[in-house]
file target-v5.cif (mmCIF, C-alpha atoms and all ligand atoms)
data_final
#
loop_
_atom_site.label_atom_id
_atom_site.label_comp_id
_atom_site.auth_asym_id
_atom_site.auth_seq_id
_atom_site.Cartn_x
_atom_site.Cartn_y
_atom_site.Cartn_z
CA MET Q 1 86.09 121.84 88.63
CA VAL Q 2 89.48 121.18 90.30
CA ARG Q 3 92.32 120.39 87.87
CA VAL Q 4 95.01 118.08 89.27
CA LEU Q 5 98.33 117.26 87.62
CA ILE Q 6 99.96 113.97 88.69
CA THR Q 7 103.68 113.44 88.03
CA GLY Q 8 104.87 109.83 87.88
CA GLY Q 9 101.31 109.23 86.75
CA HIS Q 10 101.95 105.74 85.35
CA GLY Q 11 103.50 104.40 88.59
CA GLN Q 12 101.54 102.38 91.14
CA LEU Q 13 100.35 105.34 93.26
CA GLY Q 14 99.70 107.52 90.19
CA ARG Q 15 97.39 104.86 88.75
CA ALA Q 16 95.57 104.46 92.08
CA LEU Q 17 95.02 108.23 92.30
CA VAL Q 18 93.50 108.19 88.82
CA ARG Q 19 91.07 105.33 89.61
CA THR Q 20 89.97 106.80 92.97
CA ALA Q 21 89.67 110.46 91.90
CA PRO Q 22 86.53 112.13 93.28
CA ALA Q 23 83.81 113.53 91.02
CA HIS Q 24 84.34 117.08 89.75
CA THR Q 25 88.10 116.48 89.60
CA GLU Q 26 89.89 116.65 86.26
CA VAL Q 27 93.04 114.54 86.52
CA ILE Q 28 95.97 114.83 84.13
CA ALA Q 29 98.41 111.98 84.88
CA LEU Q 30 101.74 112.31 83.06
CA GLY Q 31 104.59 109.80 82.88
CA ALA Q 32 108.31 110.51 82.56
CA ALA Q 33 108.08 110.76 78.77
CA GLU Q 34 105.56 113.64 78.97
CA CYS Q 35 106.92 115.36 82.10
CA ASP Q 36 110.53 114.56 82.98
CA VAL Q 37 110.89 116.25 86.36
CA THR Q 38 114.68 116.51 86.00
CA ASP Q 39 114.19 119.11 83.23
CA PRO Q 40 113.14 122.49 84.71
CA PHE Q 41 112.04 123.87 81.32
CA THR Q 42 109.74 120.91 80.70
CA VAL Q 43 108.29 121.19 84.20
CA ARG Q 44 107.52 124.91 83.79
CA ALA Q 45 106.07 124.38 80.30
CA VAL Q 46 103.81 121.55 81.52
CA LEU Q 47 102.46 123.64 84.41
CA ALA Q 48 101.88 126.60 82.06
CA ARG Q 49 99.94 124.36 79.64
CA VAL Q 50 97.91 122.33 82.18
CA GLU Q 51 97.25 125.20 84.64
CA PRO Q 52 96.61 122.85 87.60
CA THR Q 53 95.20 124.05 90.90
CA LEU Q 54 97.01 121.13 92.58
CA VAL Q 55 100.04 119.00 91.67
CA ILE Q 56 100.44 115.53 93.22
CA HIS Q 57 104.13 114.75 92.78
CA CYS Q 58 104.53 110.96 92.69
CA ALA Q 59 107.52 110.82 90.31
CA ALA Q 60 110.61 109.37 91.95
CA TRP Q 61 113.35 106.81 91.45
CA THR Q 62 112.02 104.14 93.84
CA ASP Q 63 114.67 101.45 93.24
CA VAL Q 64 116.19 101.71 96.71
CA ASP Q 65 119.25 99.54 95.97
CA GLY Q 66 119.70 101.28 92.59
CA CYS Q 67 119.79 104.64 94.42
CA GLU Q 68 122.52 103.29 96.71
CA ARG Q 69 124.64 102.22 93.74
CA HIS Q 70 123.96 105.33 91.60
CA PRO Q 71 123.58 108.21 94.09
CA GLU Q 72 123.87 110.96 91.51
CA ARG Q 73 120.79 109.70 89.65
CA ALA Q 74 118.91 109.42 92.96
CA TRP Q 75 119.73 113.02 93.89
CA ARG Q 76 118.87 114.27 90.40
CA VAL Q 77 115.45 112.60 90.15
CA ASN Q 78 114.30 112.63 93.77
CA ALA Q 79 115.75 115.87 95.15
CA LEU Q 80 116.43 118.11 92.14
CA GLY Q 81 113.29 116.90 90.33
CA THR Q 82 111.23 117.87 93.38
CA GLN Q 83 112.98 121.25 93.52
CA HIS Q 84 111.85 121.95 89.95
CA ILE Q 85 108.28 120.90 90.78
CA ALA Q 86 108.14 122.95 94.01
CA ALA Q 87 109.51 126.11 92.34
CA ALA Q 88 107.10 125.77 89.41
CA CYS Q 89 104.13 125.23 91.75
CA ALA Q 90 105.05 128.33 93.74
CA ALA Q 91 105.35 130.41 90.55
CA ALA Q 92 102.03 129.08 89.22
CA GLU Q 93 100.30 129.40 92.64
CA ALA Q 94 99.38 125.72 92.58
CA ALA Q 95 99.22 123.70 95.80
CA LEU Q 96 101.58 120.71 95.99
CA VAL Q 97 101.39 117.21 97.45
CA ALA Q 98 104.91 115.70 97.66
CA LEU Q 99 105.24 112.01 98.47
CA SER Q 100 107.92 110.94 100.93
CA THR Q 101 108.91 107.81 102.78
CA ASN Q 102 109.44 106.07 106.12
CA TYR Q 103 113.08 105.60 104.95
CA VAL Q 104 113.77 109.19 106.13
CA PHE Q 105 114.00 107.62 109.63
CA ASP Q 106 116.85 105.47 110.96
CA GLY Q 107 114.56 103.04 112.81
CA GLU Q 108 116.58 103.18 116.02
CA GLN Q 109 113.64 104.10 118.27
CA ASP Q 110 111.20 101.40 119.39
CA GLU Q 111 107.98 103.42 119.04
CA PRO Q 112 106.30 104.20 115.70
CA TYR Q 113 107.44 107.49 114.13
CA HIS Q 114 105.01 110.46 114.11
CA GLU Q 115 105.26 113.57 111.94
CA PHE Q 116 107.46 115.52 114.36
CA ALA Q 117 110.06 112.78 114.96
CA ARG Q 118 113.58 113.66 113.84
CA PRO Q 119 114.56 112.19 110.44
CA HIS Q 120 117.96 110.53 110.00
CA PRO Q 121 118.08 108.49 106.81
CA LEU Q 122 120.33 105.42 106.44
CA SER Q 123 120.11 105.13 102.64
CA VAL Q 124 120.75 107.36 99.63
CA TYR Q 125 117.08 106.93 98.66
CA GLY Q 126 115.97 108.12 102.13
CA ALA Q 127 118.43 111.03 102.10
CA SER Q 128 117.32 112.14 98.63
CA LYS Q 129 113.66 112.04 99.69
CA LEU Q 130 114.43 114.02 102.87
CA ALA Q 131 116.20 116.65 100.75
CA ALA Q 132 113.08 116.73 98.57
CA GLU Q 133 110.94 117.44 101.64
CA GLU Q 134 113.26 120.30 102.57
CA VAL Q 135 113.03 122.01 99.18
CA VAL Q 136 109.25 121.71 99.22
CA ARG Q 137 109.07 123.37 102.65
CA ALA Q 138 111.46 126.11 101.50
CA LEU Q 139 109.97 126.88 98.08
CA CYS Q 140 106.24 126.14 98.05
CA PRO Q 141 104.13 127.57 100.88
CA ARG Q 142 100.91 125.66 100.05
CA HIS Q 143 102.25 122.13 100.43
CA TYR Q 144 101.29 118.78 101.89
CA ILE Q 145 104.22 116.40 102.50
CA VAL Q 146 102.82 112.87 102.69
CA ARG Q 147 105.13 110.24 104.15
CA THR Q 148 104.02 106.70 103.45
CA ALA Q 149 105.60 103.22 103.40
CA MET Q 150 105.77 99.78 101.78
CA LEU Q 151 103.28 100.50 98.99
CA TYR Q 152 101.67 97.62 97.13
CA ASP Q 153 98.95 96.72 94.68
CA ALA Q 154 97.87 93.35 93.28
CA HIS Q 155 99.79 94.13 90.07
CA GLY Q 156 103.04 95.84 89.11
CA ARG Q 157 106.39 95.70 90.89
CA ASN Q 158 106.18 95.61 94.69
CA PHE Q 159 106.84 93.27 97.64
CA VAL Q 160 103.45 91.47 97.35
CA THR Q 161 103.90 90.59 93.69
CA THR Q 162 107.53 89.61 94.41
CA VAL Q 163 106.37 87.18 97.11
CA LEU Q 164 103.82 85.65 94.70
CA ARG Q 165 106.48 85.27 92.00
CA LEU Q 166 108.97 83.67 94.42
CA ALA Q 167 106.24 81.30 95.68
CA ARG Q 168 105.83 80.03 92.10
CA GLU Q 169 109.59 79.70 91.53
CA GLN Q 170 110.97 78.38 94.83
CA PRO Q 171 110.07 75.50 97.21
CA ARG Q 172 110.51 77.76 100.27
CA LEU Q 173 110.96 81.48 100.95
CA ARG Q 174 113.38 83.18 103.37
CA MET Q 175 112.04 86.45 104.77
CA VAL Q 176 113.54 89.05 107.12
CA ALA Q 177 111.77 88.93 110.50
CA ASP Q 178 113.61 91.66 112.45
CA GLN Q 179 112.69 94.76 110.38
CA TYR Q 180 109.22 96.28 110.69
CA GLY Q 181 107.10 98.73 108.76
CA SER Q 182 103.60 99.73 107.71
CA PRO Q 183 102.47 97.87 104.57
CA THR Q 184 100.08 100.19 102.73
CA PHE Q 185 97.60 99.42 99.94
CA VAL Q 186 97.87 102.14 97.29
CA ASP Q 187 94.08 102.44 96.95
CA ASP Q 188 93.73 103.27 100.67
CA LEU Q 189 96.57 105.80 100.42
CA ALA Q 190 95.07 107.39 97.28
CA LYS Q 191 91.67 107.80 98.95
CA ALA Q 192 93.33 109.35 102.03
CA ILE Q 193 95.24 111.81 99.81
CA TRP Q 194 91.99 112.89 98.14
CA GLN Q 195 90.47 113.41 101.62
CA LEU Q 196 93.51 115.42 102.69
CA VAL Q 197 93.58 117.80 99.74
CA ALA Q 198 89.91 118.61 100.24
CA GLN Q 199 91.09 120.68 103.22
CA PRO Q 200 93.60 123.58 103.11
CA ALA Q 201 95.47 122.04 106.06
CA TYR Q 202 99.01 122.34 104.73
CA GLY Q 203 101.83 120.49 106.51
CA THR Q 204 103.41 117.07 106.97
CA TYR Q 205 101.30 113.90 107.23
CA HIS Q 206 102.02 110.22 107.80
CA LEU Q 207 99.48 108.19 105.78
CA VAL Q 208 99.84 104.41 106.12
CA ASN Q 209 97.58 101.46 106.84
CA ALA Q 210 97.37 100.91 110.62
CA GLY Q 211 99.43 98.31 112.48
CA ARG Q 212 102.91 96.94 111.83
CA ALA Q 213 104.45 93.95 110.10
CA SER Q 214 107.89 92.49 109.48
CA TRP Q 215 108.73 91.44 105.92
CA TYR Q 216 108.25 87.86 107.22
CA GLU Q 217 104.78 88.55 108.71
CA TRP Q 218 103.74 90.38 105.55
CA ALA Q 219 104.89 87.53 103.26
CA VAL Q 220 103.11 84.91 105.41
CA ALA Q 221 99.90 86.99 105.34
CA VAL Q 222 100.06 87.26 101.52
CA LEU Q 223 100.46 83.49 101.11
CA GLU Q 224 97.78 82.65 103.73
CA THR Q 225 95.29 85.07 102.17
CA LEU Q 226 95.63 83.25 98.85
CA GLY Q 227 95.70 79.78 100.48
CA LEU Q 228 99.22 79.06 99.19
CA GLY Q 229 101.01 76.49 101.36
CA VAL Q 230 104.59 77.54 100.54
CA PRO Q 231 106.79 77.44 103.70
CA VAL Q 232 108.47 80.68 104.83
CA GLU Q 233 111.63 80.69 106.97
CA PRO Q 234 112.15 83.75 109.23
CA ILE Q 235 115.71 85.11 108.91
CA PRO Q 236 117.60 88.06 110.44
CA ALA Q 237 118.32 91.06 108.18
CA SER Q 238 122.02 90.22 108.52
CA GLN Q 239 121.36 87.14 106.34
CA PHE Q 240 119.71 89.13 103.53
CA ARG Q 241 122.32 90.90 101.43
CA ARG Q 242 121.31 94.11 99.66
CA ALA Q 243 122.99 97.43 98.81
CA ALA Q 244 120.75 99.68 100.96
CA ARG Q 245 119.93 99.34 104.66
CA PRO Q 246 116.20 99.67 105.51
CA PRO Q 247 115.35 100.99 109.00
CA ARG Q 248 114.89 98.29 111.67
CA ASN Q 249 111.71 100.07 112.80
CA GLY Q 250 110.05 101.75 109.81
CA VAL Q 251 106.59 101.89 111.38
CA LEU Q 252 104.73 105.19 110.95
CA THR Q 253 101.90 106.62 113.02
CA SER Q 254 100.08 109.92 112.66
CA LEU Q 255 99.18 112.80 114.94
CA ALA Q 256 98.09 115.09 112.10
CA ALA Q 257 95.82 112.93 109.91
CA PRO Q 258 93.34 111.75 112.61
CA ALA Q 259 92.96 115.39 113.67
CA LEU Q 260 91.41 115.93 110.20
CA GLY Q 261 89.28 112.78 110.46
CA ILE Q 262 91.60 110.77 108.17
CA VAL Q 263 92.19 107.24 109.50
CA LEU Q 264 93.36 104.35 107.32
CA PRO Q 265 92.22 100.73 107.93
CA ASP Q 266 94.42 97.99 109.42
CA TRP Q 267 97.04 96.54 107.04
CA ARG Q 268 95.60 92.98 107.21
CA ASP Q 269 92.15 94.23 106.22
CA ALA Q 270 93.72 96.20 103.35
CA LEU Q 271 95.70 93.18 102.14
CA THR Q 272 92.55 91.01 102.09
CA ARG Q 273 90.71 93.62 100.00
CA CYS Q 274 93.65 94.05 97.63
CA LEU Q 275 94.02 90.31 97.00
CA ALA Q 276 90.26 89.55 96.76
CA PRO Q 277 90.24 89.70 92.92
CA LEU Q 278 93.13 87.17 92.80
CA ARG Q 279 91.28 84.78 95.16
CA SER Q 280 88.21 84.64 92.95
CA ALA Q 281 90.28 84.46 89.73
N1 LIG U 1 106.77 102.25 96.58
C1 LIG U 1 106.84 102.43 97.91
O1 LIG U 1 106.90 101.46 98.70
C2 LIG U 1 106.86 103.81 98.47
C3 LIG U 1 106.85 104.93 97.66
N2 LIG U 1 106.92 106.19 98.23
C4 LIG U 1 106.92 107.36 97.36
O2 LIG U 1 105.63 107.44 96.74
C5 LIG U 1 105.77 107.94 95.41
C6 LIG U 1 105.08 107.00 94.44
O3 LIG U 1 105.68 105.72 94.54
P1 LIG U 1 105.25 104.51 93.59
O4 LIG U 1 104.04 104.86 92.82
O5 LIG U 1 105.27 103.28 94.40
O6 LIG U 1 106.51 104.48 92.63
P2 LIG U 1 106.65 103.89 91.16
O7 LIG U 1 108.09 103.55 90.99
O8 LIG U 1 105.60 102.87 90.89
O9 LIG U 1 106.28 105.18 90.28
C7 LIG U 1 107.17 106.28 90.19
C8 LIG U 1 107.04 106.84 88.81
O10 LIG U 1 107.97 107.92 88.67
C9 LIG U 1 108.39 107.91 87.33
N3 LIG U 1 109.67 108.62 87.15
C10 LIG U 1 110.93 108.18 87.40
N4 LIG U 1 111.81 109.12 87.03
C11 LIG U 1 111.10 110.17 86.55
C12 LIG U 1 111.44 111.43 86.00
N5 LIG U 1 112.72 111.82 85.88
N6 LIG U 1 110.45 112.26 85.63
C13 LIG U 1 109.16 111.89 85.74
N7 LIG U 1 108.78 110.69 86.20
C14 LIG U 1 109.73 109.85 86.63
C15 LIG U 1 108.54 106.45 86.99
O11 LIG U 1 108.44 106.29 85.60
P3 LIG U 1 109.28 105.09 84.90
O12 LIG U 1 108.77 103.82 85.52
O13 LIG U 1 108.92 105.28 83.48
O14 LIG U 1 110.72 105.35 85.24
C16 LIG U 1 107.38 105.81 87.73
O15 LIG U 1 106.26 105.61 86.89
C17 LIG U 1 107.27 108.16 95.21
O16 LIG U 1 107.56 109.50 95.46
C18 LIG U 1 107.92 107.28 96.25
O17 LIG U 1 109.20 107.78 96.63
C19 LIG U 1 106.96 106.39 99.57
C20 LIG U 1 106.96 105.31 100.41
C21 LIG U 1 106.86 103.94 99.94
C1 LIG U 2 112.90 89.19 97.88
C2 LIG U 2 112.99 89.17 99.39
C3 LIG U 2 112.81 90.33 100.13
N1 LIG U 2 112.89 90.30 101.48
C4 LIG U 2 112.66 91.53 102.29
C5 LIG U 2 113.94 92.12 102.87
C6 LIG U 2 114.29 93.24 101.95
O1 LIG U 2 114.96 94.30 102.61
C7 LIG U 2 112.95 93.68 101.41
C8 LIG U 2 113.06 94.19 100.02
O2 LIG U 2 111.77 94.39 99.46
P1 LIG U 2 111.53 95.66 98.56
O3 LIG U 2 112.50 95.65 97.43
O4 LIG U 2 110.07 95.79 98.28
O5 LIG U 2 111.95 96.74 99.61
P2 LIG U 2 112.30 98.25 99.42
O6 LIG U 2 112.48 98.58 97.99
O7 LIG U 2 113.38 98.59 100.36
O8 LIG U 2 110.93 98.91 99.89
C9 LIG U 2 110.89 100.29 100.12
O9 LIG U 2 110.64 100.95 98.90
C10 LIG U 2 110.73 102.36 99.01
C11 LIG U 2 110.39 102.95 97.65
C12 LIG U 2 110.03 102.94 100.16
O10 LIG U 2 109.78 104.13 100.20
C13 LIG U 2 109.87 102.10 101.40
O11 LIG U 2 108.75 102.48 102.17
C14 LIG U 2 109.81 100.62 101.12
O12 LIG U 2 108.56 100.24 100.59
O13 LIG U 2 112.11 92.52 101.44
C15 LIG U 2 113.18 89.12 102.14
O14 LIG U 2 113.26 89.09 103.39
N2 LIG U 2 113.36 87.97 101.41
C16 LIG U 2 113.29 87.94 100.06
O15 LIG U 2 113.49 86.87 99.42
#

call {"tool": "encode", "arguments": {"input": "target-v5.cif", "output": "structure tokens", "more": "lines below"}}
Ligand SMILES: NC(=O)C1=CN([C@@H]2O[C@H](COP(=O)(O)OP(=O)(O)OC[C@H]3O[C@@H](n4cnc5c(N)ncnc54)[C@H](OP(=O)(O)O)[C@@H]3O)[C@@H](O)[C@H]2O)C=CC1
Ligand SMILES: Cc1cn([C@H]2C[C@H](O)[C@@H](COP(=O)(O)OP(=O)(O)O[C@H]3O[C@@H](C)C(=O)[C@@H](O)[C@H]3O)O2)c(=O)[nH]c1=O
result
Amino acid sequence: MVRVLITGGHGQLGRALVRTAPAHTEVIALGAAECDVTDPFTVRAVLARVEPTLVIHCAAWTDVDGCERHPERAWRVNALGTQHIAAACAAAEAALVALSTNYVFDGEQDEPYHEFARPHPLSVYGASKLAAEEVVRALCPRHYIVRTAMLYDAHGRNFVTTVLRLAREQPRLRMVADQYGSPTFVDDLAKAIWQLVAQPAYGTYHLVNAGRASWYEWAVAVLETLGLGVPVEPIPASQFRRAARPPRNGVLTSLAAPALGIVLPDWRDALTRCLAPLRSA
């Protein structure tokens, strides 16, 4: 029996990992109240009590604009919190999966980013996640760093549920059409993570649904999938004011995952599967 500890276990990826866990896997998913990663003593005590063979570290402060406005909190949760987890995993001889983001890249290149592309974050969130990657590489030898992007589920707080809320509240939506990324259904990511950790192939992996979409294309696809006829106006990013600057090209591709036989489906296929329960509701 493999025992897996999930930090940030009540977030959207943590919940998906719990519902897709393979047989013969004991999963202990803890929220911030049970395992605050900013407290090194708590982190060490939790690992000593749970004795996991693997830790999947999902906990993070994912409010990208909040991170920009309150950098110290971003560094404390995302970078220092990961440092505590990585050090405790190394001491306990547990393997570690650390989640990271496409926002470690500046988006200036035209091609999708693979695992060996040079990071250069534009936002505090991206910089704090890149620092987290660096402490994991330095402190915990048996690690998988999983960069992903634009996570969503049919419920909770994410871009898809925001689009559905705005479609109820507004006669028309305005969506940025000149920034691109890789929308990724958390269930597909969770299954790919379980496939990955079945192999001792430590390193850095980009795990996202295939293809690319602008925020505009993604919003239109959400509304079309549910047959909602709300008009969407494409706008440039310069007309959408926010504290943080997302990369223009945040599209990820992978050299490392297909080499292990891990390939995620196309983002449109994933979106259709995710929204299927809402269509029949
Ligand atoms: N969402 C996305 O689009 C993307 C996410 N990622 C990364 O994937 C991971 C999972 O993201 P996702 O599930 O979407 O994020 P969520 O925000 O849904 O979940 C993160 C969880 O971390 C918890 N948390 C926050 N602070 C602490 C703390 N100090 N100690 C312990 N737990 C804490 C939060 O709890 P609470 O809500 O109680 O504060 C929350 O439940 C993160 O590392 C994120 O950076 C990467 C790319 C894209
Ligand atoms: C509400 C709204 C958003 N948008 C677009 C542009 C804007 O930059 C973007 C904001 O959506 P979000 O708040 O979901 O974006 P954001 O929080 O930046 O999403 C990121 O989250 C972190 C955690 C990651 O790691 C990234 O991969 C990415 O998913 O959506 C519009 O164009 N029009 C709108 O009316």

call {"tool": "residues_near_ligand", "arguments": {"input": "target-v5.cif", "ligand": "ligand LIG 1 (chain U)", "cutoff": "7 Å", "atoms": "only C-alpha atoms and all ligand atoms", "output": "PyMOL selection string"}}
result
chain Q and resi 7-14+31-32+35-38+57-62+77+81+99-102+129+147-152+158

call {"tool": "residues_near_ligand", "arguments": {"input": "target-v5.cif", "ligand": "ligand LIG 2 (chain U)", "cutoff": "9 Å", "atoms": "all atoms listed in the file", "output": "mmCIF file with C-alpha atoms, keeping the file's coordinate frame"}}
result
data_model
loop_
_atom_site.group_PDB
_atom_site.id
_atom_site.type_symbol
_atom_site.label_atom_id
_atom_site.label_comp_id
_atom_site.auth_asym_id
_atom_site.auth_seq_id
_atom_site.Cartn_x
_atom_site.Cartn_y
_atom_site.Cartn_z
ATOM 1 C CA ALA Q 60 110.610 109.370 91.950
ATOM 2 C CA TRP Q 61 113.350 106.810 91.450
ATOM 3 C CA THR Q 62 112.020 104.140 93.840
ATOM 4 C CA ASP Q 63 114.670 101.450 93.240
ATOM 5 C CA VAL Q 64 116.190 101.710 96.710
ATOM 6 C CA ASP Q 65 119.250 99.540 95.970
ATOM 7 C CA SER Q 100 107.920 110.940 100.930
ATOM 8 C CA THR Q 101 108.910 107.810 102.780
ATOM 9 C CA ASN Q 102 109.440 106.070 106.120
ATOM 10 C CA TYR Q 103 113.080 105.600 104.950
ATOM 11 C CA VAL Q 104 113.770 109.190 106.130
ATOM 12 C CA TYR Q 125 117.080 106.930 98.660
ATOM 13 C CA GLY Q 126 115.970 108.120 102.130
ATOM 14 C CA LYS Q 129 113.660 112.040 99.690
ATOM 15 C CA ARG Q 147 105.130 110.240 104.150
ATOM 16 C CA THR Q 148 104.020 106.700 103.450
ATOM 17 C CA ALA Q 149 105.600 103.220 103.400
ATOM 18 C CA MET Q 150 105.770 99.780 101.780
ATOM 19 C CA LEU Q 151 103.280 100.500 98.990
ATOM 20 C CA TYR Q 152 101.670 97.620 97.130
ATOM 21 C CA ARG Q 157 106.390 95.700 90.890
ATOM 22 C CA ASN Q 158 106.180 95.610 94.690
ATOM 23 C CA PHE Q 159 106.840 93.270 97.640
ATOM 24 C CA VAL Q 160 103.450 91.470 97.350
ATOM 25 C CA THR Q 162 107.530 89.610 94.410
ATOM 26 C CA VAL Q 163 106.370 87.180 97.110
ATOM 27 C CA LEU Q 166 108.970 83.670 94.420
ATOM 28 C CA LEU Q 173 110.960 81.480 100.950
ATOM 29 C CA ARG Q 174 113.380 83.180 103.370
ATOM 30 C CA MET Q 175 112.040 86.450 104.770
ATOM 31 C CA VAL Q 176 113.540 89.050 107.120
ATOM 32 C CA ALA Q 177 111.770 88.930 110.500
ATOM 33 C CA GLN Q 179 112.690 94.760 110.380
ATOM 34 C CA GLY Q 181 107.100 98.730 108.760
ATOM 35 C CA SER Q 182 103.600 99.730 107.710
ATOM 36 C CA PRO Q 183 102.470 97.870 104.570
ATOM 37 C CA THR Q 184 100.080 100.190 102.730
ATOM 38 C CA SER Q 214 107.890 92.490 109.480
ATOM 39 C CA TRP Q 215 108.730 91.440 105.920
ATOM 40 C CA TYR Q 216 108.250 87.860 107.220
ATOM 41 C CA ALA Q 219 104.890 87.530 103.260
ATOM 42 C CA PRO Q 234 112.150 83.750 109.230
ATOM 43 C CA ILE Q 235 115.710 85.110 108.910
ATOM 44 C CA PRO Q 236 117.600 88.060 110.440
ATOM 45 C CA ALA Q 237 118.320 91.060 108.180
ATOM 46 C CA GLN Q 239 121.360 87.140 106.340
ATOM 47 C CA PHE Q 240 119.710 89.130 103.530
ATOM 48 C CA ARG Q 241 122.320 90.900 101.430
ATOM 49 C CA ARG Q 242 121.310 94.110 99.660
ATOM 50 C CA ALA Q 244 120.750 99.680 100.960
ATOM 51 C CA ARG Q 245 119.930 99.340 104.660
ATOM 52 C CA PRO Q 246 116.200 99.670 105.510
ATOM 53 C CA GLY Q 250 110.050 101.750 109.810
#

call {"tool": "residues_around", "arguments": {"input": "target-v5.cif", "residues": "region 257-265 of chain Q", "least_positions_apart": "5", "cutoff": "8 Å", "atoms": "all atoms listed in the file", "output": "compact mmCIF listing (two decimals) with C-alpha atoms, keeping the file's coordinate frame"}}
result
# COMPACT_ATOMS: atom_id res chain seq x y z
CA ASP Q 188 93.73 103.27 100.67
CA LEU Q 189 96.57 105.80 100.42
CA ALA Q 192 93.33 109.35 102.03
CA GLN Q 195 90.47 113.41 101.62
CA LEU Q 196 93.51 115.42 102.69
CA TYR Q 205 101.30 113.90 107.23
CA HIS Q 206 102.02 110.22 107.80
CA LEU Q 207 99.48 108.19 105.78
CA VAL Q 208 99.84 104.41 106.12
CA ASN Q 209 97.58 101.46 106.84
CA ALA Q 210 97.37 100.91 110.62
CA ALA Q 270 93.72 96.20 103.35

call {"tool": "closest_residue", "arguments": {"input": "target-v5.cif", "among": "Q:Asn78, Q:Ser238, Q:Thr225, Q:Ser254", "to": "Thr204 (chain Q)", "atoms": "only C-alpha atoms"}}
result
Q:Ser254

call {"tool": "closest_residue", "arguments": {"input": "target-v5.cif", "among": "Q:Ala98, Q:Val18, Q:Ala201, Q:Gln109", "to": "Val146 (chain Q)", "atoms": "all atoms listed in the file"}}
result
Q:Ala98

call {"tool": "residues_around", "arguments": {"input": "target-v5.cif", "residues": "Ala94 (chain Q)", "least_positions_apart": "4", "cutoff": "9 Å", "atoms": "all atoms listed in the file", "output": "MDAnalysis selection string"}}
result
chainID Q and resid 47 51:55 88:90 140 142

call {"tool": "closest_residue", "arguments": {"input": "target-v5.cif", "among": "Q:Leu228, Q:Ala167, Q:Val220, Q:Val124", "to": "Trp75 (chain Q)", "atoms": "only C-alpha atoms"}}
result
Q:Val124

call {"tool": "closest_residue", "arguments": {"input": "target-v5.cif", "among": "Q:Ala117, Q:Leu122, Q:Ala198, Q:Cys274", "to": "Val251 (chain Q)", "atoms": "all atoms listed in the file"}}
result
Q:Ala117

call {"tool": "atom_distance", "arguments": {"input": "target-v5.cif", "atom1": "CA of Glu34 (chain Q)", "atom2": "CA of Val46 (chain Q)"}}
result
8.5 Å

call {"tool": "closest_residue", "arguments": {"input": "target-v5.cif", "among": "Q:Arg172, Q:Leu271, Q:Gly156, Q:Ile145", "to": "Val232 (chain Q)", "atoms": "all atoms listed in the file"}}
result
Q:Arg172

call {"tool": "residues_near_point", "arguments": {"input": "target-v5.cif", "point": "(105.9, 121.2, 100.1)", "cutoff": "9 Å", "atoms": "only C-alpha atoms", "output": "JSON, numbers by chain"}}
result
{"Q": [86, 95, 96, 97, 98, 132, 133, 134, 135, 136, 137, 138, 139, 140, 141, 142, 143, 144, 145, 202, 203, 204]}

call {"tool": "atom_distance", "arguments": {"input": "target-v5.cif", "atom1": "CA of Pro200 (chain Q)", "atom2": "CA of Val4 (chain Q)"}}
result
15.0 Å

call {"tool": "residues_around", "arguments": {"input": "target-v5.cif", "residues": "Ala16 (chain Q)", "least_positions_apart": "5", "cutoff": "7 Å", "atoms": "all atoms listed in the file", "output": "tab-separated table (two decimals) with C-alpha atoms, in the coordinates of the input"}}
result
chain	number	residue	atom	x	y	z
Q	186	VAL	CA	97.87	102.14	97.29
Q	187	ASP	CA	94.08	102.44	96.95
Q	190	ALA	CA	95.07	107.39	97.28

call {"tool": "closest_residue", "arguments": {"input": "target-v5.cif", "among": "Q:Ala154, Q:Leu278, Q:Leu5, Q:Ile193", "to": "Thr20 (chain Q)", "atoms": "all atoms listed in the file"}}
result
Q:Ile193

call {"tool": "decode", "arguments": {"input": "target-v5.cif", "residues": "region 123-139 of chain Q", "atoms": "C-alpha atoms", "output": "compact mmCIF listing (two decimals), in the first residue's frame"}}
result
# COMPACT_ATOMS: atom_id res chain seq x y z
CA SER Q 123 4.50 38.33 -11.97
CA VAL Q 124 5.15 37.91 -8.25
CA TYR Q 125 3.09 34.69 -8.36
CA GLY Q 126 5.28 33.32 -11.18
CA ALA Q 127 8.49 34.39 -9.43
CA SER Q 128 7.41 32.81 -6.13
CA LYS Q 129 6.56 29.54 -7.91
CA LEU Q 130 9.92 29.56 -9.74
CA ALA Q 131 11.69 30.04 -6.40
CA ALA Q 132 9.68 27.08 -5.10
CA GLU Q 133 10.95 24.95 -7.99
CA GLU Q 134 14.51 25.94 -7.15
CA VAL Q 135 14.26 24.93 -3.48
CA VAL Q 136 12.74 21.59 -4.45
CA ARG Q 137 15.63 20.88 -6.85
CA ALA Q 138 18.15 21.92 -4.19
CA LEU Q 139 16.69 20.12 -1.16
